[in-house]
Amino acid sequence: MPSENGPHDDDVRRHAGLAMSIARRFAGRAELADLHQAACVGLVRAVRTYDPARQTAFTTYAVPLMISEIRAYLRGLGPLHIPRPVRELAQRCRAAHSALSAELCRDPNVSEIAARLSISPADVAFAMDSDAPVRSLDEPICSAPDARLLIDAIPGELAPDESVCDSVVLRTALSRLPPAARAVIVMRFFEERTQAQAATLLGISQPQVHRIEKAALAALRRSMAGE
Amino acid sequence: MEPKVNWARVEFESVARNLGFARVAAASWAAGLGFTLEELEDIKLAVSEAVSNCIVHAYPERPGRVLMMLSASDHAFTISVQDEGVGILDVLAARSPGVSSSPQRMGMGFTLMEALSESMDVTSSPGEGTKVVMSFTPGDQ
Amino acid sequence: MFEWVLRGSDLIVDLQGELDLTCADRAAQAIDSLIDANRGARRVILRMDRVSFIDSSGIGMVFGRQRRLLARGAVLAIAGPSARVTRTLDLLGVSKLMPVYVSLESALSAREEVRKWNPK
């Protein structure tokens with residue numbers, strides 16, 4: 001924390017480790033040294049403007065400033081740090097793709113795009129791979145002042161990963177069921193409703209739901225076993 | 001004069017970091033075979049699924065070796081992705097979308113590979129590894 | 001990483017980059033924490049304008065979040081997927097299981113959808 005007359009440099013030095021730990025949270029998005037530097041810019045700003053009378057811990061005050069500096073830095077780089085020559089090449093590939101599409105009245109193949117630009121097809125593939133989609137709208141939502149980084153919400157300890165995506169696994173099997181059976185399965189297991197709730201929604205009796213469910217589960221099991 | 005048959009092999013550790021590399025390597029190599037950019041994207045997706053399976057399923061304990069073979073003849077492009085991992089006991093069951101061997105992404109992965117490629121073949125034996133072979137033909141959309 | 005914002009009962013998460021095995025777990029944990037921290041949100045919109053690639057690991061991550069949200073009476077929606085991402089979503093029939101909007105704007109103007117997709 002800055003003392004009344006202490007040199008700011010000391011405070012900055014004291015919290016250099018914090019700046020590095022913040023920078024590390026963005027590792028992979030740019031060079032760590034650059035991220036650290038951006039964090040330090042935020043740190044310097046924090047040291048200069050921190051007011052102990054506010055009763056907030058210095059770190060609480062400084063961390064958002066460091067993050068916002070890093071974000072500003074990353075914004076300047078674009079969504080991913082792609083070297084400018086590659087980005088320019090991707091632009092030229094897109095332009096050649098559009099021009100050739102119009103000329104040939106079909107989707108040109110990669111060799112044709114490469115020939116137009118006098119480069120190798122592999123270069124086209126590589127350049128297009130680095131070509132992240134361009135935001136078409138002017139960031140109407142997430143450039144809002146109340147937008148925050150998702151990373152701030154990540155807790156220290158990681159939750160055990162659950163197994164996911166049974167929805168799609170079931171989809172094919174489900175699609176083979178008659179509509180009523182499908183509706184019952186979706187309500188019971190996908191939406192976690194009771195049989196009584198499903199009965200009300202479907203306008204049938206609860207024993208009927210029970211029977212349909214039983215038959216549908218058996219059919220699903222058969223279907224999933226590849227029968 | 002281009003050779004009639006051309007091939008390349010790429011070997012790498014089964015870690016997520018190599019996933020993007022495997023995609024781009026396959027796409028760059030296949031780029032001159034007459035595919036459109038769209039088709040190259042399909043190839044990348046298929047490779048991503050095959051290699052993800054190696055990372056997640058073949059070597060659940062520690063990373064192992066993944067061998068990606070690329071070959072081209074008369075404008076037919078074939079990718080094989082091979083591991084020396086745990087193998088799949090029942091290949092047919094694993095390919096059906098209903099199977100739930102650990103994370104059920106596997107069913108989706110095979111569904112995608114099948115949809116994206118012109119043909120897909122899976123051979124596997126428990127304890128010895130799995131090999132997925134997919135073929136792609138330009139203009140096959 | 002991702003940016004997010006809460007607008008009324010909509011939690012908008014701005015995803016970017018390649019959603020594959022490399023980041024699916026991290027994204028899942030991050031989005032779950034967000035969902036937990038914003039229990040008032042009735043709808044979570046995953047904005048995908050800047051997602052350049054998605055495979056089954058990414059889709060699995062999306063379905064996992066959807067399942068959690070459905071259980072608490074909220075819904076998940078996808079907004080603004082690129083042509084590339086749309087192709088993958090289509091191959092897996094994602095739009096049959098959750099709303100997919102061409103843009104964030106159209107997602108935001110379709111509020112009545114919450115009840116349709118999760119009539120709890």
# chains A, B, ... in the order shown; residues from 1 in each chain; ligands from 1
>>> residues_around(residues="Thr36 in chain B", least_positions_apart="4", cutoff="6 Å", atoms="only C-alpha atoms", output="PyMOL selection string")
chain A and resi 108-110
>>> write_last_selection(atoms="N, CA and C atoms", output="tab-separated table (two decimals), in the first residue's frame")
chain	number	residue	atom	x	y	z
A	108	PRO	N	-14.81	-22.24	-55.18
A	108	PRO	CA	-13.50	-22.61	-55.70
A	108	PRO	C	-12.79	-23.56	-54.75
A	109	ASN	N	-11.94	-24.42	-55.29
A	109	ASN	CA	-11.18	-25.25	-54.36
A	109	ASN	C	-9.92	-24.52	-53.90
A	110	VAL	N	-9.28	-25.09	-52.91
A	110	VAL	CA	-8.16	-24.39	-52.26
A	110	VAL	C	-7.01	-24.17	-53.24
>>> residues_around(residues="Phe53 in chain C", least_positions_apart="4", cutoff="8 Å", atoms="only C-alpha atoms", output="PDB file with N, CA and C atoms, in the first residue's frame")
ATOM      1  N   GLY C  17     -12.862 -18.196 -29.934  1.00  0.00           N
ATOM      2  CA  GLY C  17     -11.775 -19.128 -30.199  1.00  0.00           C
ATOM      3  C   GLY C  17     -12.290 -20.492 -30.615  1.00  0.00           C
ATOM      4  N   GLU C  18     -11.500 -21.521 -30.311  1.00  0.00           N
ATOM      5  CA  GLU C  18     -11.829 -22.876 -30.718  1.00  0.00           C
ATOM      6  C   GLU C  18     -12.369 -23.662 -29.523  1.00  0.00           C
ATOM      7  N   LEU C  19     -13.596 -24.110 -29.627  1.00  0.00           N
ATOM      8  CA  LEU C  19     -14.190 -24.865 -28.527  1.00  0.00           C
ATOM      9  C   LEU C  19     -13.975 -26.348 -28.769  1.00  0.00           C
ATOM     10  N   ASP C  20     -12.854 -26.846 -28.290  1.00  0.00           N
ATOM     11  CA  ASP C  20     -12.560 -28.267 -28.428  1.00  0.00           C
ATOM     12  C   ASP C  20     -12.067 -28.799 -27.086  1.00  0.00           C
ATOM     13  N   ARG C  84     -19.635 -22.022 -40.221  1.00  0.00           N
ATOM     14  CA  ARG C  84     -18.860 -23.203 -39.869  1.00  0.00           C
ATOM     15  C   ARG C  84     -19.423 -23.904 -38.629  1.00  0.00           C
ATOM     16  N   VAL C  85     -19.642 -23.102 -37.598  1.00  0.00           N
ATOM     17  CA  VAL C  85     -20.169 -23.652 -36.353  1.00  0.00           C
ATOM     18  C   VAL C  85     -21.587 -24.182 -36.577  1.00  0.00           C
TER      19      VAL C  85
END
>>> residues_around(residues="Leu89 in chain C", least_positions_apart="5", cutoff="8 Å", atoms="only C-alpha atoms", output="PDB file with C-alpha atoms, in the first residue's frame")
ATOM      1  CA  ILE C  59     -21.020 -29.373 -28.015  1.00  0.00           C
ATOM      2  CA  VAL C  94     -28.479 -29.249 -31.763  1.00  0.00           C
ATOM      3  CA  SER C  95     -31.252 -26.877 -32.845  1.00  0.00           C
TER       4      SER C  95
END
>>> closest_residue(among="C:Ser33, C:Thr86, C:Ser56, C:Gln16", to="chain B", atoms="only C-alpha atoms")
C:Ser56
>>> residues_around(residues="range 123-140 of chain B", least_positions_apart="4", cutoff="6 Å", atoms="only C-alpha atoms", output="list in words")
Gly34, Phe35, Ala76, Phe77, Thr78, Ile79, Ser80, Val81, Gln82, Asp83, Glu84, Gly85, Val86, Gly87, Ile88, Leu89, Ser117, Glu118 and Ser119 of chain B
>>> select_by_dssp(residues="range 17-72 of chain C", states="strand (DSSP E or B)", output="list of chain:residue names")
C:Gly17, C:Glu18, C:Leu19, C:Arg43, C:Val44, C:Ile45, C:Leu46, C:Arg47, C:Met48, C:Asp49, C:Arg50, C:Val51, C:Ser52, C:Phe53, C:Ile54
>>> write_last_selection(atoms="N, CA and C atoms", output="PDB file, in the first residue's frame")
ATOM      1  N   GLY C  17     -12.862 -18.196 -29.934  1.00  0.00           N
ATOM      2  CA  GLY C  17     -11.775 -19.128 -30.199  1.00  0.00           C
ATOM      3  C   GLY C  17     -12.290 -20.492 -30.615  1.00  0.00           C
ATOM      4  N   GLU C  18     -11.500 -21.521 -30.311  1.00  0.00           N
ATOM      5  CA  GLU C  18     -11.829 -22.876 -30.718  1.00  0.00           C
ATOM      6  C   GLU C  18     -12.369 -23.662 -29.523  1.00  0.00           C
ATOM      7  N   LEU C  19     -13.596 -24.110 -29.627  1.00  0.00           N
ATOM      8  CA  LEU C  19     -14.190 -24.865 -28.527  1.00  0.00           C
ATOM      9  C   LEU C  19     -13.975 -26.348 -28.769  1.00  0.00           C
ATOM     10  N   ARG C  43     -32.299 -17.343 -18.487  1.00  0.00           N
ATOM     11  CA  ARG C  43     -31.810 -17.800 -19.781  1.00  0.00           C
ATOM     12  C   ARG C  43     -30.326 -17.474 -19.892  1.00  0.00           C
ATOM     13  N   VAL C  44     -29.568 -18.433 -20.340  1.00  0.00           N
ATOM     14  CA  VAL C  44     -28.151 -18.190 -20.585  1.00  0.00           C
ATOM     15  C   VAL C  44     -27.949 -18.244 -22.096  1.00  0.00           C
ATOM     16  N   ILE C  45     -27.423 -17.161 -22.644  1.00  0.00           N
ATOM     17  CA  ILE C  45     -27.199 -17.109 -24.086  1.00  0.00           C
ATOM     18  C   ILE C  45     -25.704 -17.245 -24.349  1.00  0.00           C
ATOM     19  N   LEU C  46     -25.334 -18.294 -25.041  1.00  0.00           N
ATOM     20  CA  LEU C  46     -23.934 -18.454 -25.416  1.00  0.00           C
ATOM     21  C   LEU C  46     -23.744 -17.788 -26.770  1.00  0.00           C
ATOM     22  N   ARG C  47     -23.037 -16.676 -26.757  1.00  0.00           N
ATOM     23  CA  ARG C  47     -22.817 -15.950 -28.001  1.00  0.00           C
ATOM     24  C   ARG C  47     -21.619 -16.563 -28.711  1.00  0.00           C
ATOM     25  N   MET C  48     -21.801 -16.946 -29.969  1.00  0.00           N
ATOM     26  CA  MET C  48     -20.744 -17.679 -30.657  1.00  0.00           C
ATOM     27  C   MET C  48     -20.197 -16.967 -31.887  1.00  0.00           C
ATOM     28  N   ASP C  49     -20.475 -15.668 -32.017  1.00  0.00           N
ATOM     29  CA  ASP C  49     -19.974 -14.920 -33.175  1.00  0.00           C
ATOM     30  C   ASP C  49     -18.486 -15.153 -33.412  1.00  0.00           C
ATOM     31  N   ARG C  50     -17.740 -15.241 -32.314  1.00  0.00           N
ATOM     32  CA  ARG C  50     -16.287 -15.311 -32.455  1.00  0.00           C
ATOM     33  C   ARG C  50     -15.730 -16.704 -32.201  1.00  0.00           C
ATOM     34  N   VAL C  51     -16.614 -17.693 -32.221  1.00  0.00           N
ATOM     35  CA  VAL C  51     -16.135 -19.073 -32.101  1.00  0.00           C
ATOM     36  C   VAL C  51     -15.775 -19.555 -33.512  1.00  0.00           C
ATOM     37  N   SER C  52     -14.506 -19.903 -33.706  1.00  0.00           N
ATOM     38  CA  SER C  52     -14.077 -20.248 -35.061  1.00  0.00           C
ATOM     39  C   SER C  52     -14.193 -21.742 -35.319  1.00  0.00           C
ATOM     40  N   PHE C  53     -14.308 -22.526 -34.261  1.00  0.00           N
ATOM     41  CA  PHE C  53     -14.344 -23.979 -34.436  1.00  0.00           C
ATOM     42  C   PHE C  53     -15.035 -24.592 -33.231  1.00  0.00           C
ATOM     43  N   ILE C  54     -15.868 -25.599 -33.503  1.00  0.00           N
ATOM     44  CA  ILE C  54     -16.452 -26.335 -32.379  1.00  0.00           C
ATOM     45  C   ILE C  54     -16.531 -27.799 -32.791  1.00  0.00           C
TER      46      ILE C  54
END
>>> atom_distance(atom1="CA of Val63 in chain A", atom2="CA of Ala19 in chain A")
8.0 Å
>>> residues_around(residues="Val184 in chain A", least_positions_apart="3", cutoff="12 Å", atoms="only C-alpha atoms", output="ChimeraX atom specification")
/A:174,177-181,187-204,206,208-217
>>> interface_residues(of="chain C", to="chain A", cutoff="9 Å", atoms="only C-alpha atoms", output="MDAnalysis selection string")
chainID C and resid 1:7 12:14 16:18 25:26 28:34 37 49:53 56:57 59:65 67 70:71 73 82 92:94 97 104 118 120
>>> write_last_selection(atoms="N, CA and C atoms", output="short mmCIF file (atom, residue, chain, number, x, y, z; two decimals), in the first residue's frame")
data_model
loop_
_atom_site.label_atom_id
_atom_site.label_comp_id
_atom_site.auth_asym_id
_atom_site.auth_seq_id
_atom_site.Cartn_x
_atom_site.Cartn_y
_atom_site.Cartn_z
N MET C 1 -9.93 -15.19 -22.58
CA MET C 1 -11.11 -15.79 -21.94
C MET C 1 -12.40 -15.12 -22.42
N PHE C 2 -13.46 -15.44 -21.74
CA PHE C 2 -14.76 -14.98 -22.21
C PHE C 2 -15.23 -13.76 -21.41
N GLU C 3 -16.04 -12.97 -22.05
CA GLU C 3 -16.68 -11.89 -21.34
C GLU C 3 -18.14 -12.25 -21.15
N TRP C 4 -18.74 -11.66 -20.14
CA TRP C 4 -20.14 -11.96 -19.91
C TRP C 4 -20.83 -10.74 -19.34
N VAL C 5 -22.15 -10.74 -19.44
CA VAL C 5 -22.91 -9.63 -18.89
C VAL C 5 -24.30 -10.15 -18.55
N LEU C 6 -24.86 -9.59 -17.49
CA LEU C 6 -26.23 -9.95 -17.11
C LEU C 6 -27.16 -8.84 -17.56
N ARG C 7 -28.12 -9.18 -18.40
CA ARG C 7 -29.09 -8.19 -18.87
C ARG C 7 -30.47 -8.66 -18.45
N ILE C 12 -25.58 -13.32 -20.66
CA ILE C 12 -24.97 -13.45 -21.98
C ILE C 12 -23.49 -13.76 -21.82
N VAL C 13 -23.07 -14.86 -22.38
CA VAL C 13 -21.67 -15.26 -22.29
C VAL C 13 -21.07 -15.20 -23.70
N ASP C 14 -20.00 -14.46 -23.82
CA ASP C 14 -19.39 -14.22 -25.12
C ASP C 14 -18.21 -15.17 -25.30
N GLN C 16 -15.27 -17.30 -27.37
CA GLN C 16 -14.45 -17.05 -28.55
C GLN C 16 -13.35 -18.09 -28.71
N GLY C 17 -12.86 -18.20 -29.93
CA GLY C 17 -11.77 -19.13 -30.20
C GLY C 17 -12.29 -20.49 -30.62
N GLU C 18 -11.50 -21.52 -30.31
CA GLU C 18 -11.83 -22.88 -30.72
C GLU C 18 -12.37 -23.66 -29.52
N ASP C 25 -13.34 -28.30 -20.75
CA ASP C 25 -13.50 -28.43 -19.29
C ASP C 25 -13.42 -27.07 -18.60
N ARG C 26 -12.43 -26.29 -19.05
CA ARG C 26 -12.24 -24.98 -18.44
C ARG C 26 -13.47 -24.10 -18.69
N ALA C 28 -16.47 -25.15 -19.25
CA ALA C 28 -17.60 -25.70 -18.49
C ALA C 28 -17.56 -25.19 -17.05
N GLN C 29 -16.38 -25.25 -16.44
CA GLN C 29 -16.26 -24.81 -15.06
C GLN C 29 -16.55 -23.32 -14.93
N ALA C 30 -16.02 -22.57 -15.88
CA ALA C 30 -16.21 -21.13 -15.83
C ALA C 30 -17.68 -20.77 -15.99
N ILE C 31 -18.35 -21.40 -16.95
CA ILE C 31 -19.76 -21.07 -17.18
C ILE C 31 -20.61 -21.54 -16.00
N ASP C 32 -20.28 -22.70 -15.44
CA ASP C 32 -21.03 -23.18 -14.27
C ASP C 32 -20.91 -22.20 -13.10
N SER C 33 -19.70 -21.69 -12.89
CA SER C 33 -19.53 -20.73 -11.80
C SER C 33 -20.38 -19.50 -12.04
N LEU C 34 -20.42 -19.08 -13.30
CA LEU C 34 -21.22 -17.92 -13.67
C LEU C 34 -22.69 -18.17 -13.41
N ALA C 37 -23.39 -18.08 -9.83
CA ALA C 37 -23.30 -16.73 -9.27
C ALA C 37 -24.46 -15.85 -9.71
N ASP C 49 -20.47 -15.67 -32.02
CA ASP C 49 -19.97 -14.92 -33.17
C ASP C 49 -18.49 -15.15 -33.41
N ARG C 50 -17.74 -15.24 -32.31
CA ARG C 50 -16.29 -15.31 -32.46
C ARG C 50 -15.73 -16.70 -32.20
N VAL C 51 -16.61 -17.69 -32.22
CA VAL C 51 -16.14 -19.07 -32.10
C VAL C 51 -15.78 -19.56 -33.51
N SER C 52 -14.51 -19.90 -33.71
CA SER C 52 -14.08 -20.25 -35.06
C SER C 52 -14.19 -21.74 -35.32
N PHE C 53 -14.31 -22.53 -34.26
CA PHE C 53 -14.34 -23.98 -34.44
C PHE C 53 -15.03 -24.59 -33.23
N SER C 56 -17.22 -32.08 -31.00
CA SER C 56 -18.15 -32.71 -30.05
C SER C 56 -17.78 -32.41 -28.60
N SER C 57 -16.52 -32.12 -28.32
CA SER C 57 -16.17 -31.74 -26.95
C SER C 57 -16.84 -30.42 -26.58
N ILE C 59 -19.57 -29.15 -28.07
CA ILE C 59 -21.02 -29.37 -28.01
C ILE C 59 -21.38 -30.09 -26.71
N GLY C 60 -20.54 -31.04 -26.30
CA GLY C 60 -20.79 -31.75 -25.04
C GLY C 60 -20.81 -30.77 -23.88
N MET C 61 -19.88 -29.82 -23.92
CA MET C 61 -19.83 -28.79 -22.89
C MET C 61 -21.15 -28.00 -22.88
N VAL C 62 -21.63 -27.66 -24.06
CA VAL C 62 -22.89 -26.90 -24.16
C VAL C 62 -24.06 -27.71 -23.60
N PHE C 63 -24.14 -28.98 -23.96
CA PHE C 63 -25.25 -29.80 -23.46
C PHE C 63 -25.19 -29.98 -21.94
N GLY C 64 -23.98 -30.09 -21.42
CA GLY C 64 -23.84 -30.22 -19.97
C GLY C 64 -24.41 -29.01 -19.25
N ARG C 65 -24.13 -27.81 -19.79
CA ARG C 65 -24.65 -26.58 -19.18
C ARG C 65 -26.16 -26.55 -19.33
N ARG C 67 -28.20 -28.99 -19.39
CA ARG C 67 -28.85 -29.90 -18.47
C ARG C 67 -28.95 -29.28 -17.07
N LEU C 70 -31.75 -26.57 -17.25
CA LEU C 70 -33.10 -27.12 -17.32
C LEU C 70 -33.55 -27.56 -15.94
N ALA C 71 -32.62 -28.13 -15.19
CA ALA C 71 -32.96 -28.64 -13.86
C ALA C 71 -33.39 -27.51 -12.92
N GLY C 73 -34.97 -24.74 -14.02
CA GLY C 73 -36.05 -23.97 -14.63
C GLY C 73 -35.57 -22.87 -15.56
N SER C 82 -21.23 -18.90 -36.49
CA SER C 82 -20.76 -18.71 -37.86
C SER C 82 -21.27 -19.86 -38.72
N LEU C 92 -25.25 -32.44 -35.66
CA LEU C 92 -25.60 -33.11 -34.41
C LEU C 92 -27.03 -32.79 -33.97
N GLY C 93 -27.76 -32.07 -34.81
CA GLY C 93 -29.16 -31.79 -34.48
C GLY C 93 -29.36 -30.94 -33.25
N VAL C 94 -28.41 -30.04 -32.99
CA VAL C 94 -28.48 -29.25 -31.76
C VAL C 94 -29.72 -28.37 -31.71
N LEU C 97 -32.72 -29.41 -29.88
CA LEU C 97 -32.66 -29.56 -28.43
C LEU C 97 -32.56 -28.24 -27.69
N LEU C 104 -27.25 -12.34 -31.65
CA LEU C 104 -27.62 -12.01 -30.28
C LEU C 104 -28.89 -11.16 -30.26
N ASN C 118 -38.51 -24.51 -21.78
CA ASN C 118 -38.49 -25.11 -20.45
C ASN C 118 -39.73 -24.63 -19.70
N LYS C 120 -41.30 -25.20 -17.23
CA LYS C 120 -41.44 -25.54 -15.81
C LYS C 120 -42.17 -24.46 -15.04
#
>>> closest_residue(among="A:Glu69, A:Glu112, A:Glu88, A:Asp107", to="Ile22 in chain A", atoms="only C-alpha atoms")
A:Glu69
>>> closest_residue(among="A:Ala33, A:Ile119, A:Ile185, A:Cys105", to="Leu220 in chain A", atoms="only C-alpha atoms")
A:Ile185
>>> residues_around(residues="Gly8 in chain C", least_positions_apart="4", cutoff="10 Å", atoms="only C-alpha atoms", output="PDB file with C-alpha atoms, in the first residue's frame")
ATOM      1  CA  GLY C  40     -31.659 -14.981 -11.175  1.00  0.00           C
ATOM      2  CA  ALA C  41     -30.850 -15.668 -14.805  1.00  0.00           C
ATOM      3  CA  ARG C  42     -33.658 -17.496 -16.533  1.00  0.00           C
ATOM      4  CA  ARG C  43     -31.810 -17.800 -19.781  1.00  0.00           C
TER       5      ARG C  43
END
>>> atom_distance(atom1="CA of Ala46 in chain B", atom2="CA of Pro85 in chain A")
28.2 Å
>>> closest_residue(among="B:Asn6, B:Ser28, B:Ser14, B:Ser73", to="chain C", atoms="only C-alpha atoms")
B:Ser14
>>> closest_atom_pairs(of="chain B", to="chain C", cutoff="12 Å", atoms="only C-alpha atoms", output="tab-separated table")
residue	atom	partner	partner_atom	distance
B:Ser14	CA	C:Leu21	CA	11.6
B:Val15	CA	C:Thr22	CA	8.7
B:Ala16	CA	C:Thr22	CA	5.0
B:Arg17	CA	C:Thr22	CA	6.5
B:Asn18	CA	C:Thr22	CA	8.9
B:Leu19	CA	C:Thr22	CA	7.5
B:Gly20	CA	C:Thr22	CA	8.5
B:Phe21	CA	C:Thr22	CA	11.5
B:Arg23	CA	C:Phe53	CA	10.9
B:Leu37	CA	C:Arg84	CA	10.4
B:Glu38	CA	C:Arg84	CA	7.9
B:Glu39	CA	C:Arg84	CA	10.6
B:Leu40	CA	C:Arg84	CA	11.0
B:Glu41	CA	C:Arg84	CA	7.6
B:Asp42	CA	C:Thr88	CA	8.9
B:Ile43	CA	C:Asp55	CA	11.7
B:Lys44	CA	C:Phe53	CA	9.3
B:Leu45	CA	C:Asp55	CA	6.3
B:Ala46	CA	C:Asp55	CA	8.7
B:Val47	CA	C:Asp55	CA	10.0
B:Ser48	CA	C:Asp55	CA	7.0
B:Glu49	CA	C:Asp55	CA	7.0
B:Ala50	CA	C:Ser56	CA	10.6
B:Val51	CA	C:Leu21	CA	9.8
B:Ser52	CA	C:Leu21	CA	6.7
B:Asn53	CA	C:Leu21	CA	9.9
B:Cys54	CA	C:Leu21	CA	11.3
B:Ile55	CA	C:Leu21	CA	8.8
B:Val56	CA	C:Leu21	CA	8.7
B:Pro97	CA	C:Leu92	CA	10.6
B:Pro103	CA	C:Gly60	CA	9.0
B:Gln104	CA	C:Gly60	CA	8.2
B:Arg105	CA	C:Ser56	CA	6.2
B:Met106	CA	C:Ser56	CA	8.3
B:Gly107	CA	C:Ser56	CA	9.2
B:Met108	CA	C:Ser56	CA	6.0
B:Gly109	CA	C:Ser56	CA	5.9
B:Phe110	CA	C:Ser56	CA	9.5
B:Thr111	CA	C:Leu92	CA	7.9
B:Leu112	CA	C:Leu91	CA	6.8
B:Met113	CA	C:Leu91	CA	10.2
B:Glu114	CA	C:Leu91	CA	10.3
B:Ala115	CA	C:Leu91	CA	7.3
B:Leu116	CA	C:Leu91	CA	8.7
>>> closest_residue(among="A:Arg94, A:Val86, A:Leu18, A:Val186", to="chain B", atoms="only C-alpha atoms")
A:Arg94
>>> select_by_dssp(residues="range 3-103 of chain C", states="alpha helix (DSSP H)", output="VMD selection string")
chain C and resid 21 to 37 56 to 71 83 to 91
>>> residues_around(residues="Phe12 in chain B", least_positions_apart="2", cutoff="9 Å", atoms="only C-alpha atoms", output="PDB file with C-alpha atoms, in the first residue's frame")
ATOM      1  CA  VAL B  10       2.678 -37.445 -38.302  1.00  0.00           C
ATOM      2  CA  SER B  14      -1.958 -37.733 -27.044  1.00  0.00           C
ATOM      3  CA  VAL B  15      -2.364 -34.398 -25.312  1.00  0.00           C
ATOM      4  CA  ASN B  18      -1.595 -31.288 -30.080  1.00  0.00           C
ATOM      5  CA  ALA B  22      -3.253 -32.303 -35.899  1.00  0.00           C
ATOM      6  CA  GLY B  64       0.610 -42.145 -25.399  1.00  0.00           C
ATOM      7  CA  ARG B  65       1.476 -42.162 -29.047  1.00  0.00           C
ATOM      8  CA  VAL B  66      -0.901 -41.118 -31.814  1.00  0.00           C
ATOM      9  CA  LEU B  67      -0.017 -41.820 -35.402  1.00  0.00           C
ATOM     10  CA  MET B  68      -1.782 -39.882 -38.126  1.00  0.00           C
TER      11      MET B  68
END
